[in-house]
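Peer 1: Below you'll find the structure I mean.
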Amino acid sequence: MNALIICMLLVLGSWTNADKREDYLTQVCSTVNESAINRPPIDAKVIHYTGQALFLVYHHLDDEESFVTITPTKFNQHLQMLKEKHYNVISIEEYACFLEKRKSIPPNAVVITFDDGYRSFYEKAYPLLKKQGFPATNFVIVSYIDSDYPSLPFLTWKQMKEMKKDGFSFYSHTYNLHQKKSGDSMNPVPMLTNRIYLAQQNRLETEEERKQRVGEDLLTAEWMLKTQLSNQLSMLCFPFGYYNQTTIDDAQELGIRYFFTTKEGINSGDSREIYRLNVGMPYVNADVFMRKLQSYDRRESSKVKE
């Protein structure tokens, strides 16, 4: 193990030590309870579901839509529909406290997430979310922060620190594994879950080499997020949605506790593998958006008397 990794492990001792993680959870959940005092009253006029949460995933906002890009206008329509249809947007930390049996969550709970860390999150999404009083989380590719690589501007640490003061949070989408490289049979494979071809040595890396490469990447991301943003929890969003049990086992050895997938479903607080609904695509207008959410309504949605 090289000297840099040893230094990062020392800084990240709170993630690799179970007692320290419990201390951080206690601090986070205490902060969550304090923040809840200042948010708008819980809306319980219509109950879609209880003791569960839907996670939404977006990527990029732009006036020109593409595969995972929608307009700010469409995104704002989604936010308005959440409010009009009595959904309660909570922070990802609030859900983590629910998952750890530290607190309850309101009925119709929704968590808003973005992937990749594009600068449009700050320039276009952040003002709209603030206007509605909604928190959100962005899973950032940490090596891209403060850069225009590969084709779109990415968030800066300064912007992220500003947003964090308003209750927004940022977690790992890996340091630099959100790409594919040649693997077995020379086909492109996701770097997180596969052994890759070592061209200079004309061979496939061993499983031990893959584990070390991935471990160093994940530790680097966690170390930078902790030192720059003072993160107290450790979360990983899988690039391209690819993962397996080995991936989870390796990450858990490093102290990573929560995992975010591209599988669709509703979350009931019984698993640290989180389902998310991809609603940041051009075809998801306000009507489609609401149909996707309401497909998870309990069978007999009840109306509460005002």
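Order determines the names: the first chain of the structure tokens is A, the second B, and so forth; residues in each chain are numbered 1 upward, and ligands are numbered 1 upward as they are shown.
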Excluding same-chain residues fewer than 3 positions from segment 64-66 of chain A, what lies within 9 Å of it counting only C-alpha atoms, as a list in words?

Peer 2: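 Neighbouring residues, sequence-local ones excluded: Leu61, Thr69, Ile70, Thr71, Met281 and Pro282 of chain A.
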
Peer 1: Any idea what's packed within 9 Å of Gly167 of chain A, counting only C-alpha atoms, ignoring anything in its chain fewer than 6 positions away? Could you give it as a ChimeraX atom specification?

Peer 2: /A:35,91,134-136

Peer 1: Compare A:Ile105, A:Ala221, A:Ile112, A:Ala96 by their minimum atom-to-atom distance to Glu273 of chain A, counting only C-alpha atoms, and give me the closest one.

Peer 2: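 Using only C-alpha atoms, Glu273 of chain A sits closest to A:Ala96.
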
Peer 1: I'd like to know which residues of segment 80-218 of chain A are strand (DSSP E) (by DSSP, run on the backbone); could you write them as a CSV table (one decimal) with C-alpha atoms, in the first residue's frame?

Peer 2:
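Below is the file that was written, out14.csv:
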chain,number,residue,atom,x,y,z
A,88,ASN,CA,-42.7,15.9,0.6
A,89,VAL,CA,-39.1,16.4,-0.6
A,109,ALA,CA,-41.3,11.3,0.8
A,110,VAL,CA,-39.2,12.1,-2.3
A,111,VAL,CA,-35.4,12.6,-2.6
A,112,ILE,CA,-34.1,14.5,-5.6
A,113,THR,CA,-30.7,13.5,-6.9
A,114,PHE,CA,-28.5,14.5,-9.9
A,115,ASP,CA,-25.6,12.5,-11.3
A,116,ASP,CA,-22.2,13.5,-12.7
A,137,THR,CA,-28.0,15.8,-3.8
A,138,ASN,CA,-25.5,15.6,-6.6
A,139,PHE,CA,-23.3,12.5,-7.1
A,140,VAL,CA,-20.2,14.0,-8.6
A,169,SER,CA,-25.1,17.7,-0.5
A,170,PHE,CA,-22.5,16.1,-2.7
A,171,TYR,CA,-21.4,12.5,-2.7
A,172,SER,CA,-19.2,10.1,-4.8
A,180,LYS,CA,-15.2,2.2,-20.0
A,181,LYS,CA,-11.9,0.7,-21.1
A,182,SER,CA,-10.9,-2.5,-22.9
A,188,PRO,CA,-15.2,-1.8,-23.6
A,189,VAL,CA,-16.3,-2.6,-20.0
A,190,PRO,CA,-17.2,-0.4,-17.0
A,197,TYR,CA,-6.6,-4.6,-20.2
A,198,LEU,CA,-3.1,-3.3,-19.4
A,203,ARG,CA,-2.4,-8.6,-20.4
A,204,LEU,CA,-5.6,-8.3,-18.3

Peer 1: Please measure the separation of atom CA of Ile145 of chain A and atom CA of Asp250 of chain A, giving the value in Å to one decimal.

Peer 2: 24.7 Å

Peer 1: Rounded to one decimal place, report the atom CA of Ile141 of chain A-atom CA of Ile90 of chain A distance in Å.

Peer 2: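 Separation of atom CA of Ile141 of chain A and atom CA of Ile90 of chain A: 23.2 Å.
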
Peer 1: Which is closer to Leu225 of chain A than all the others in A:Phe238, A:Tyr175, A:Tyr95, A:Phe260, using only C-alpha atoms?

Peer 2: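 Among the listed residues, A:Tyr175 lies closest to Leu225 of chain A.
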
Peer 1: DSSP says helix (DSSP H, G or I) for which residues of segment 219-249 of chain A? Put them as a ChimeraX atom specification?

Peer 2: /A:219-229,239-241,245-249

Peer 1: So, with only C-alpha atoms as the atoms that count, which of A:Thr206, A:Thr31, A:Thr26, A:Gln132 lies closest to Glu100 of chain A?

Peer 2: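 Residue with the minimum atom-to-atom distance to Glu100 of chain A: A:Thr26.
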
Peer 1: Which is closest to Thr246 of chain A among A:Met224, A:Val214, A:Leu25, A:Val57, if we use only C-alpha atoms?

Peer 2: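 When distances to Thr246 of chain A are compared using only C-alpha atoms, the smallest one comes from A:Val214.
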
Peer 1: With only C-alpha atoms as the atoms that count, which of A:Trp223, A:Tyr87, A:Tyr275, A:Phe75 lies nearest to Ile256 of chain A?

Peer 2: A:Trp223

Peer 1: So how many Å separate atom CA of Tyr58 of chain A and atom CA of Asn194 of chain A, to one decimal?

Peer 2: 25.7 Å

Peer 1: Can you tell me which residues surround segment 155-162 of chain A at a distance of at most 6 Å, considering only C-alpha atoms, apart from same-chain residues fewer than 3 positions away, and format the answer as a list in words?

Peer 2: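 Contacts, with the query itself left out: Gly117, Tyr118, Arg119, Ile145, Asp146 and Lys165 of chain A.
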
Peer 1: Could you dump the residues just selected with all heavy atoms as a PDB file, in the first residue's frame?

Peer 2:
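Writing the result to part-v9.pdb gives the following:
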ATOM      1  N   GLY A 117     -22.372  15.769 -11.770  1.00  0.00           N
ATOM      2  CA  GLY A 117     -21.789  17.015 -11.292  1.00  0.00           C
ATOM      3  C   GLY A 117     -21.643  18.098 -12.335  1.00  0.00           C
ATOM      4  O   GLY A 117     -20.713  18.911 -12.269  1.00  0.00           O
ATOM      5  N   TYR A 118     -22.572  18.156 -13.302  1.00  0.00           N
ATOM      6  CA  TYR A 118     -22.521  19.218 -14.304  1.00  0.00           C
ATOM      7  C   TYR A 118     -22.815  20.577 -13.673  1.00  0.00           C
ATOM      8  O   TYR A 118     -23.597  20.696 -12.732  1.00  0.00           O
ATOM      9  CB  TYR A 118     -23.525  18.950 -15.421  1.00  0.00           C
ATOM     10  CG  TYR A 118     -23.225  17.688 -16.202  1.00  0.00           C
ATOM     11  CD1 TYR A 118     -24.120  16.614 -16.184  1.00  0.00           C
ATOM     12  CD2 TYR A 118     -22.048  17.570 -16.938  1.00  0.00           C
ATOM     13  CE1 TYR A 118     -23.844  15.451 -16.895  1.00  0.00           C
ATOM     14  CE2 TYR A 118     -21.772  16.408 -17.640  1.00  0.00           C
ATOM     15  CZ  TYR A 118     -22.665  15.353 -17.617  1.00  0.00           C
ATOM     16  OH  TYR A 118     -22.390  14.210 -18.303  1.00  0.00           O
ATOM     17  N   ARG A 119     -22.214  21.614 -14.239  1.00  0.00           N
ATOM     18  CA  ARG A 119     -22.359  22.962 -13.691  1.00  0.00           C
ATOM     19  C   ARG A 119     -23.775  23.494 -13.821  1.00  0.00           C
ATOM     20  O   ARG A 119     -24.175  24.409 -13.101  1.00  0.00           O
ATOM     21  CB  ARG A 119     -21.370  23.918 -14.360  1.00  0.00           C
ATOM     22  CG  ARG A 119     -21.059  25.152 -13.519  1.00  0.00           C
ATOM     23  CD  ARG A 119     -19.855  25.902 -14.062  1.00  0.00           C
ATOM     24  NE  ARG A 119     -18.646  25.096 -14.020  1.00  0.00           N
ATOM     25  CZ  ARG A 119     -17.481  25.455 -14.571  1.00  0.00           C
ATOM     26  NH1 ARG A 119     -17.391  26.610 -15.203  1.00  0.00           N
ATOM     27  NH2 ARG A 119     -16.421  24.667 -14.476  1.00  0.00           N
ATOM     28  N   ILE A 145     -14.341  17.813 -11.120  1.00  0.00           N
ATOM     29  CA  ILE A 145     -14.682  19.074 -10.451  1.00  0.00           C
ATOM     30  C   ILE A 145     -13.673  20.154 -10.846  1.00  0.00           C
ATOM     31  O   ILE A 145     -12.479  19.883 -10.968  1.00  0.00           O
ATOM     32  CB  ILE A 145     -14.712  18.881  -8.927  1.00  0.00           C
ATOM     33  CG1 ILE A 145     -15.823  17.893  -8.542  1.00  0.00           C
ATOM     34  CG2 ILE A 145     -14.917  20.201  -8.201  1.00  0.00           C
ATOM     35  CD1 ILE A 145     -15.790  17.447  -7.093  1.00  0.00           C
ATOM     36  N   ASP A 146     -14.177  21.363 -11.087  1.00  0.00           N
ATOM     37  CA  ASP A 146     -13.345  22.495 -11.522  1.00  0.00           C
ATOM     38  C   ASP A 146     -12.806  22.313 -12.943  1.00  0.00           C
ATOM     39  O   ASP A 146     -11.769  22.868 -13.288  1.00  0.00           O
ATOM     40  CB  ASP A 146     -12.156  22.723 -10.576  1.00  0.00           C
ATOM     41  CG  ASP A 146     -12.547  23.500  -9.330  1.00  0.00           C
ATOM     42  OD1 ASP A 146     -13.433  24.360  -9.419  1.00  0.00           O
ATOM     43  OD2 ASP A 146     -11.973  23.228  -8.264  1.00  0.00           O
ATOM     44  N   LYS A 165     -24.194  25.174   2.068  1.00  0.00           N
ATOM     45  CA  LYS A 165     -24.713  26.054   3.116  1.00  0.00           C
ATOM     46  C   LYS A 165     -26.237  26.155   3.062  1.00  0.00           C
ATOM     47  O   LYS A 165     -26.884  26.475   4.060  1.00  0.00           O
ATOM     48  CB  LYS A 165     -24.101  27.446   2.994  1.00  0.00           C
ATOM     49  CG  LYS A 165     -22.628  27.493   3.347  1.00  0.00           C
ATOM     50  CD  LYS A 165     -22.061  28.890   3.151  1.00  0.00           C
ATOM     51  CE  LYS A 165     -20.578  28.936   3.473  1.00  0.00           C
ATOM     52  NZ  LYS A 165     -20.000  30.291   3.199  1.00  0.00           N
TER      53      LYS A 165
END

Peer 1: Pick out the closest residue to Lys263 of chain A from this set: A:Leu56, A:Tyr49, A:Ser147, A:Asp184. Count only C-alpha atoms.

Peer 2: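 Smallest distance to Lys263 of chain A is found for A:Leu56.
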
Peer 1: Which residues are near Pro127 of chain A? Cut-off 12 Å, only C-alpha atoms, ignore same chain within fewer than 2 positions. Put them as a compact mmCIF listing (two decimals) with N, CA and C atoms, in the first residue's frame.

Peer 2:
# COMPACT_ATOMS: atom_id res chain seq x y z
N PRO A 72 -34.72 23.50 -18.28
CA PRO A 72 -35.06 24.02 -16.95
C PRO A 72 -36.56 24.19 -16.78
N PHE A 75 -37.98 20.80 -15.92
CA PHE A 75 -37.57 20.45 -14.55
C PHE A 75 -38.42 21.22 -13.53
N ASN A 76 -38.64 22.49 -13.80
CA ASN A 76 -39.46 23.30 -12.90
C ASN A 76 -40.89 22.79 -12.84
N LEU A 79 -40.96 20.01 -10.38
CA LEU A 79 -40.95 20.51 -9.00
C LEU A 79 -42.33 21.02 -8.59
N SER A 120 -24.56 22.90 -14.72
CA SER A 120 -25.96 23.31 -14.85
C SER A 120 -26.74 23.08 -13.56
N PHE A 121 -26.25 22.20 -12.72
CA PHE A 121 -26.89 21.98 -11.42
C PHE A 121 -26.87 23.28 -10.61
N TYR A 122 -25.74 23.96 -10.65
CA TYR A 122 -25.60 25.24 -9.93
C TYR A 122 -26.31 26.37 -10.66
N GLU A 123 -26.14 26.44 -11.96
CA GLU A 123 -26.63 27.59 -12.73
C GLU A 123 -28.13 27.53 -13.00
N LYS A 124 -28.69 26.32 -13.17
CA LYS A 124 -30.10 26.21 -13.58
C LYS A 124 -30.98 25.49 -12.56
N ALA A 125 -30.50 24.40 -11.97
CA ALA A 125 -31.34 23.65 -11.03
C ALA A 125 -31.39 24.29 -9.65
N LEU A 129 -34.73 24.94 -7.32
CA LEU A 129 -34.90 24.15 -6.10
C LEU A 129 -35.00 25.04 -4.88
N LYS A 130 -34.15 26.07 -4.81
CA LYS A 130 -34.21 27.00 -3.68
C LYS A 130 -35.56 27.71 -3.62
N LYS A 131 -36.08 28.08 -4.76
CA LYS A 131 -37.37 28.78 -4.80
C LYS A 131 -38.48 27.93 -4.20
N GLN A 132 -38.42 26.62 -4.44
CA GLN A 132 -39.44 25.72 -3.89
C GLN A 132 -39.11 25.27 -2.47
N GLY A 133 -37.90 25.56 -2.01
CA GLY A 133 -37.50 25.10 -0.68
C GLY A 133 -37.14 23.62 -0.65
N PHE A 134 -36.68 23.08 -1.78
CA PHE A 134 -36.37 21.65 -1.89
C PHE A 134 -34.86 21.42 -1.81
N PRO A 135 -34.40 20.49 -0.96
CA PRO A 135 -32.99 20.10 -0.98
C PRO A 135 -32.74 19.11 -2.12
N ALA A 136 -31.48 18.91 -2.46
CA ALA A 136 -31.12 17.92 -3.48
C ALA A 136 -29.68 17.49 -3.27
N MET A 163 -23.60 25.93 -2.16
CA MET A 163 -24.85 25.19 -2.13
C MET A 163 -25.00 24.38 -0.84
N ASP A 166 -26.82 25.89 1.90
CA ASP A 166 -28.27 25.93 1.73
C ASP A 166 -28.91 24.55 1.85
N PHE A 168 -27.81 21.59 0.44
CA PHE A 168 -27.56 20.65 -0.65
C PHE A 168 -26.34 19.80 -0.29
